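Okay, structure first, notes after.
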Amino acid sequence: MRRPPIVLAMLLLVYICNFVDRQILAILAAPIQRELALSDGEMGLLGGVAFALLYATCGVPLSALADRTGRARVIGWALVVWSGCTALCALAQGFWHIFLARLGVGIGEAGGVAPSYALIGEYFPSHRRARALAIYSLGIPIGSAAGVLAGGAIAAAVDWRWAFVVVGGAGLLLAPVFALLVRDPPRRERRPAAPWRRTAGLLVRSRSFWLLSLGQALASMAGYGIVFWLPSVLQRSFGLTLLQSAQFFGALLLVGGIAGVLGGGWLGDRLGRGDRAWHAWLPGGAFVIAAPLFAAGIVSGDWRVAFALFLLPQALSYFWMGPVLSAVQHLVGAAERASASALFLLVNNLLGLAGGTWALGLLADALRGRHGEGALAQAMLWSLLLYVAAGLLLLAGGRWLRRDWVPEPAISPTA
């Protein structure tokens, strides 16, 4: 059996590749829009719906397959698929070419995240799981920052097409290393058919599941919209170049994102040990506080002031990962964790990832006549109301989480 730290490290590397491939489109939006003559609404479709449509819906059957046949095996093949489709984006000659390639990226990444959550659940006991999931979730800020920085540097030095080739190729090189080093625990090598229908029936009746899922979906609408469109806002409203906006946003993601993910995981384990409701209360309060701070940075007009104002809310927007993901793991039994995670991601991504980026782009198009180049920044300000609504739902969900929590043995034999 592989040591848990090795498994976690490899899952983290795969997740970094996941978010490099997912978020590189954000920094490349401006040159792609110029060359392919795309509107903000069309670019929002590429950044949201094109990826999320199959990413969310394919996650459930792929996670059921992972529960039945082996989680590590499904993750490895998923890495190959999404990396290859990322490289194919380099060949795009129009909107539909890149749309189809992004669909392929979504299909591949659908097989990566939920099985990884479940594999971590097998290797780490309950009292260490929020921190382990938080370490895994470092792939989001690190991968997003790496995608922004690498994409911006390659696009500035060569062109945007080569950026897709390089990051897609990196994932293809990682795949055989992952297959060599990561295995499911022996007791999971043969498992009964994944009970995803029973899992779905259980979660549909769970009030805490809906409050967690819908609250996080609203937060994801705001968060994914900001992550995708902030580089364009920096170029349009703050006058930064492509490379400058990549450096600004990459540093913001690394500093704020890493602090938020680790801080949320540590606080989630510490506070949640005394009261499970803190797994929802902690991220709920963080979202409510983050919204006005983001707004202050957007209207500041100076990139230096904006960077300082963005740091704290950027960290707060990542507080949810360890606590909420750990809570979802505890709404079902151990054998159903990948399926439960996939159902949570289905709700979260269909609303959050698919809707947020596209809706913000459409709103920017609608506001363009009144605000000109500042329309995108205005649309982003309106989207921050979603953080407030998300926070209220999560705060309400804490007491229901106490009732729905499924206990387990304190120490797992694989930990």
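Each chain of the structure tokens is named A, B, ... in the order shown, its residues numbered from 1; ligands are numbered from 1 in display order.
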List as a Markdown table every residue of range 207-316 of chain A that is in contact with range 376-383 of chain A, defined as an atom at most 7 Å from one of its atoms (using only C-alpha atoms), together with the nearest atom pair and the distance in Å rounded to one decimal, sorted by chain and then rising number.
| residue | atom | partner | partner_atom | distance |
| --- | --- | --- | --- | --- |
| A:Ala222 | CA | A:Ser383 | CA | 5.6 |
| A:Ile226 | CA | A:Met380 | CA | 6.9 |
| A:Val233 | CA | A:Ala377 | CA | 6.0 |
| A:Ala295 | CA | A:Leu381 | CA | 5.9 |
| A:Ile298 | CA | A:Ala377 | CA | 6.8 |
Quick one: write out the picked residues with N, CA, C and O atoms as a tab-separated table (two decimals), in the first residue's frame?
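So out.tsv came out as:
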chain	number	residue	atom	x	y	z
A	222	ALA	N	-19.97	33.61	-8.33
A	222	ALA	CA	-19.17	34.83	-8.14
A	222	ALA	C	-17.68	34.53	-8.29
A	222	ALA	O	-16.95	35.25	-8.99
A	226	ILE	N	-15.09	35.92	-11.16
A	226	ILE	CA	-13.95	36.79	-10.83
A	226	ILE	C	-12.65	36.20	-11.37
A	226	ILE	O	-11.84	36.91	-11.99
A	233	VAL	N	-10.43	42.65	-16.65
A	233	VAL	CA	-10.72	43.91	-15.95
A	233	VAL	C	-9.43	44.67	-15.69
A	233	VAL	O	-9.36	45.90	-15.85
A	295	ALA	N	-15.34	44.50	-3.64
A	295	ALA	CA	-15.92	45.69	-4.27
A	295	ALA	C	-15.01	46.90	-4.11
A	295	ALA	O	-14.82	47.68	-5.07
A	298	ILE	N	-12.19	46.70	-6.64
A	298	ILE	CA	-12.61	46.92	-8.02
A	298	ILE	C	-12.78	48.40	-8.32
A	298	ILE	O	-12.42	48.88	-9.40
Range 181-394 of chain A: residues DSSP assigns to alpha helix (DSSP H), reported as a PyMOL selection string: chain A and resi 181+196-204+207-237+242-252+258-274+278-299+303-316+321-329+337-348+354-371+375-383+385-394
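Between CA of Tyr117 in chain A and CA of Leu384 in chain A the interatomic distance comes to 28.3 Å.
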So that I can check the surroundings of range 268-271 of chain A, please list as a short mmCIF file (atom, residue, chain, number, x, y, z; two decimals) with N, CA and C atoms, in the first residue's frame every protein, DNA and RNA residue that reaches within 10 Å of it, counting only C-alpha atoms and ignoring chain neighbours fewer than 6 positions away.
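Result saved to out.cif:
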data_model
loop_
_atom_site.label_atom_id
_atom_site.label_comp_id
_atom_site.auth_asym_id
_atom_site.auth_seq_id
_atom_site.Cartn_x
_atom_site.Cartn_y
_atom_site.Cartn_z
N SER A 126 -10.98 10.73 9.88
CA SER A 126 -11.91 11.85 9.97
C SER A 126 -11.27 13.10 10.57
N HIS A 127 -10.50 12.93 11.66
CA HIS A 127 -9.97 14.09 12.36
C HIS A 127 -8.83 14.78 11.61
N ARG A 128 -8.33 14.18 10.52
CA ARG A 128 -7.29 14.81 9.70
C ARG A 128 -7.78 15.12 8.28
N ARG A 129 -9.03 14.84 8.00
CA ARG A 129 -9.48 14.87 6.62
C ARG A 129 -9.65 16.29 6.07
N ALA A 130 -10.14 17.23 6.87
CA ALA A 130 -10.29 18.61 6.37
C ALA A 130 -8.93 19.19 5.98
N ARG A 131 -7.89 18.90 6.78
CA ARG A 131 -6.55 19.40 6.43
C ARG A 131 -6.01 18.70 5.18
N ALA A 134 -7.74 20.15 2.33
CA ALA A 134 -7.25 21.51 2.11
C ALA A 134 -5.91 21.49 1.37
N LEU A 262 -5.29 26.74 3.25
CA LEU A 262 -4.71 26.16 4.45
C LEU A 262 -5.38 26.67 5.72
N ALA A 277 -21.20 22.10 13.08
CA ALA A 277 -21.83 23.20 12.35
C ALA A 277 -20.80 24.18 11.81
N TRP A 278 -19.60 24.24 12.41
CA TRP A 278 -18.58 25.17 11.94
C TRP A 278 -18.09 24.84 10.54
N HIS A 279 -18.31 23.59 10.08
CA HIS A 279 -17.95 23.26 8.71
C HIS A 279 -18.76 24.09 7.71
N ALA A 280 -19.92 24.58 8.12
CA ALA A 280 -20.72 25.47 7.26
C ALA A 280 -20.60 26.93 7.70
N TRP A 281 -20.56 27.17 9.02
CA TRP A 281 -20.51 28.55 9.50
C TRP A 281 -19.23 29.28 9.09
N LEU A 282 -18.10 28.58 9.14
CA LEU A 282 -16.82 29.22 8.81
C LEU A 282 -16.80 29.76 7.38
N PRO A 283 -17.08 28.96 6.35
CA PRO A 283 -17.09 29.52 4.99
C PRO A 283 -18.23 30.51 4.77
N PHE A 319 -11.86 29.69 1.88
CA PHE A 319 -12.03 29.05 3.18
C PHE A 319 -12.95 27.83 3.12
N TRP A 320 -13.81 27.75 2.14
CA TRP A 320 -14.82 26.69 2.11
C TRP A 320 -14.26 25.30 1.82
N MET A 321 -13.12 25.22 1.17
CA MET A 321 -12.72 23.95 0.55
C MET A 321 -12.56 22.81 1.55
N GLY A 322 -11.70 22.98 2.55
CA GLY A 322 -11.53 21.90 3.52
C GLY A 322 -12.81 21.60 4.29
N PRO A 323 -13.45 22.60 4.92
CA PRO A 323 -14.63 22.32 5.73
C PRO A 323 -15.82 21.77 4.95
N VAL A 324 -16.18 22.39 3.82
CA VAL A 324 -17.37 21.94 3.09
C VAL A 324 -17.14 20.57 2.45
N SER A 326 -15.12 18.25 3.43
CA SER A 326 -15.12 17.26 4.50
C SER A 326 -16.54 16.97 4.96
N ALA A 327 -17.38 18.00 5.06
CA ALA A 327 -18.76 17.82 5.49
C ALA A 327 -19.53 16.94 4.50
#
